[in-house]
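J.: Following this message is one structure expressed as structure tokens.
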Amino acid sequence: MTTPAIDVRGLVKRYGNRTVVDHVDLAIMPGRICGFLGPNGSGKTTTLRMICGLLTPDGGEGTCLGYNIITERDAVKAQAGYMTQRFGLYEDLTIRQNLEFVGRLYRLKNLREVVDQSLERLGLASRQHQLTGSLSGGWKQRLALAACVLHQPKLLLLDEPTAGVDPKARRAFWDEIHALAAQGITVLVSTHYMDEAERCHEIAYIAYGKLMARGTAEEIIRDSGLSALVAMGPGADRLAPELRDVPGVTAAAAFGTTLHVCGPDRDALWRAVEAFRNRDLIWEEAPPTLEDVFIHLMGQARDNMGEAA
Ligand SMILES: Nc1ncnc2c1ncn2[C@@H]1O[C@H](COP(=O)(O)OP(=O)(O)OP(=O)(O)O)[C@@H](O)[C@H]1O
């Protein structure tokens with residue numbers, strides 16, 4: 001049987017009396033792309049940093065690429081690529097100089113050749129002497145990814161790599177991630193974008209430090225047990241604020257001119273919208289979206305926190 005590329009159990013990180021990562025288990029098989037989702041401040045970056053050996057956990061154990069994440073951190077760091085949330089390359093160096101700089105940090109042999117190949121793959125060979133700061137946001141992120149894979153890591157940990165990048169550039173970035181995974185590289189990538197979550201082989205959802213859901217997008221939707229209704233008709237999209245506070249509704253949001261409402265109990269959901277059905281609207285059942293499920297899970301995590309307090 002193949003060994004997981006990441007296999008951690010019970011990871012804990014505390015800052016003062018706050019537990020920001022709370023007994024997180026995560027196993028990812030080689031070559032898989034796992035999306036890491038969750039609200040701001042839920043512990044994604046902290047978890048990524050513990051997995052790649054940059055941060056010592058306060059509890060838990062496990063391996064990354066077969067190395068112990070606590071006692072063999074240098075080996076993990078040498079074989080993993082970590083792309084930080086903020087652009088980490090030098091804006092006042094050229095594209096080539098940045099790649100060479102990273103290559104030297106990893107003491108790469110055949111540096112010139114490796115950088116040439118990377119520039120070719122990126123499609124930036126003709127612009128290699130351009131200052132990095134002059135690149136668009138999308139190109140900067142693709143360059144950062146190229147720098148991350150220069151030492152041929154077996155695992156990539158990417159922290160919101162496409163934040164603020166336009167859809168076309170995000171698509172190019174994701175095509176590259178899939179190409180890397182097809183070569184056997186494992187990817188754990190944090191994101192807030194639902195379309196990106198759907199491009200992952202599997203998803204881990206964390207809220208307030210706790211892992212709330214794990215599996216493929218379909219599995220997560222199915223396991224949520226949520227029901228959803230869609231309302232169509234004049235003014236449907238404007239009902240969201242009124243419906244959000246009705247018992248039985250966990251989320252209500254406008255999607256274009258339609259309204260999307262969901263809750264954990266199908267009958268309670270129909271009862272919740274009853275008062276809104278005498279208007280000129282058509283209500284239909286629909287499968288919940290991944291976003292519906294995440295909003296629901298976030299609410300659940302908050303409720304659990306309230307009970308624990
Ligand atoms: N060095 C630190 N000292 C104190 N608190 C910290 C430290 N690093 C992170 N935190 C806190 O830990 C929590 C988790 O942060 P983390 O950056 O892991 O979340 P995240 O899920 O990556 O968030 P985002 O989606 O906003 O990037 C946050 O409340 C953050 O303020």
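Going through the structure tokens in order, the chains are called A, B, and so on, while each chain numbers its residues from 1 and the ligands are numbered from 1 in the order shown.
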Grab me every residue within 9 Å of ligand 1, counting only C-alpha atoms and all ligand atoms, and send it over as a PyMOL selection string.
T.: chain A and resi 13-16+18-21+36-49+85+159-160+190-192+206-209
J.: Please produce a file of those selected residues containing C-alpha atoms, as a compact mmCIF listing (two decimals), in the first residue's frame.
T.:
```txt
# COMPACT_ATOMS: atom_id res chain seq x y z
CA LYS A 13 -1.06 24.88 18.25
CA ARG A 14 -1.73 27.33 21.06
CA TYR A 15 -0.94 31.02 21.34
CA GLY A 16 -1.34 32.11 24.96
CA ARG A 18 -6.03 30.37 22.59
CA THR A 19 -5.98 27.04 20.75
CA VAL A 20 -5.73 28.07 17.10
CA VAL A 21 -5.29 24.53 15.74
CA PHE A 36 -7.73 23.63 2.46
CA LEU A 37 -10.68 25.87 3.19
CA GLY A 38 -12.03 27.76 6.16
CA PRO A 39 -12.86 31.26 7.38
CA ASN A 40 -10.14 33.85 8.03
CA GLY A 41 -8.09 33.07 11.09
CA SER A 42 -9.27 29.45 11.28
CA GLY A 43 -5.76 27.97 11.43
CA LYS A 44 -4.92 27.07 7.82
CA THR A 45 -1.55 28.86 7.65
CA THR A 46 -0.60 27.58 11.10
CA THR A 47 -1.40 24.00 10.06
CA LEU A 48 0.55 24.31 6.79
CA ARG A 49 3.56 25.63 8.69
CA GLN A 85 0.51 34.07 1.41
CA ASP A 159 -1.08 29.38 1.05
CA GLU A 160 -3.81 31.29 -0.81
CA SER A 190 -5.46 26.93 0.96
CA THR A 191 -8.05 29.04 -0.81
CA HIS A 192 -11.22 31.03 -0.24
CA ILE A 206 -11.38 23.88 9.08
CA ALA A 207 -13.21 26.39 11.29
CA TYR A 208 -11.97 27.88 14.56
CA GLY A 209 -9.04 25.43 14.56
```
J.: Considering only C-alpha atoms, return as JSON, numbers by chain whatever protein or nucleic-acid residues lie within 12 Å of A:Glu218, sequence-local ones (same chain, fewer than 6 positions apart) excluded.
T.: {"A": [197, 198, 200, 201, 202, 203, 224, 225, 287, 288, 289, 290, 293]}
J.: At a cut-off of 12 Å, using only C-alpha atoms, what residues contact A:Ser134? Leave out same-chain residues fewer than 3 positions from it and give the result as a list in words.
T.: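 The filter keeps Tyr90, Glu91, Asp92, Leu93, Thr94, Ile95, Arg127, Gln128, His129, Gln130, Leu131, Gly137, Gly138, Trp139 and Lys140 of chain A.
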J.: Could you please determine the separation between atom CA of A:Val187 and atom CA of A:Gly35 in Å, to one decimal place?
T.: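 Interatomic distance here is 8.2 Å.
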J.: Could you pull out the strand (DSSP E) residues of stretch 96-304 of chain A from DSSP and send them as an MDAnalysis selection string?
T.: chainID A and resid 155:159 186:190 202:207 210:215 227:232 251:255 258:263 282:286
J.: Compile the contact shell of A:Lys109 as a list in words: residues with an atom at most 12 Å away, counting only C-alpha atoms, same-chain residues fewer than 6 positions apart removed.
T.: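 These residues fall inside the cut-off: Glu100, Gly103, Val115, Leu150 and His151 of chain A.
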J.: How would the residues just picked look written out with C-alpha atoms as a compact mmCIF listing (two decimals), in the first residue's frame?
T.:
```
# COMPACT_ATOMS: atom_id res chain seq x y z
CA GLU A 100 18.80 31.99 -9.51
CA GLY A 103 18.18 27.98 -6.74
CA VAL A 115 16.59 28.20 -14.42
CA LEU A 150 12.81 24.65 -8.69
CA HIS A 151 14.28 22.11 -6.25
```
J.: From a DSSP pass on the backbone, collect the residues of stretch 21-233 of chain A flagged as helix (DSSP H, G or I) and hand them back as an MDAnalysis selection string.
T.: chainID A and resid 44:51 73:79 95:105 111:122 125:127 132:134 137:148 167:182 194:198 217:224
J.: Using only C-alpha atoms for the distances, tell me which of A:Leu26, A:Gly123, A:Pro153, A:Tyr67 is nearest to A:Met83.
T.: A:Pro153
J.: Give me, as a list in words, all polymer residues having an atom no more than 6 Å from stretch 282-285 of chain A, counting only C-alpha atoms and skipping those fewer than 6 positions away in the same chain.
T.: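 Close residues of stretch 282-285 of chain A: Ala228, Leu229, Val230, Ala231 and Met232 of chain A.
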J.: Kindly indicate which residue among A:Thr63, A:Gln300, A:Thr84, A:Gln97 lies nearest to A:Ala213, using only C-alpha atoms for the distances.
T.: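 Residue with the minimum atom-to-atom distance to A:Ala213: A:Gln300.
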J.: Could you give me, as a VMD selection string, the residues within 8 Å of A:Pro57, counting only C-alpha atoms and dropping anything in the same chain fewer than 6 positions from it?
T.: chain A and resid 11 to 13 50 70
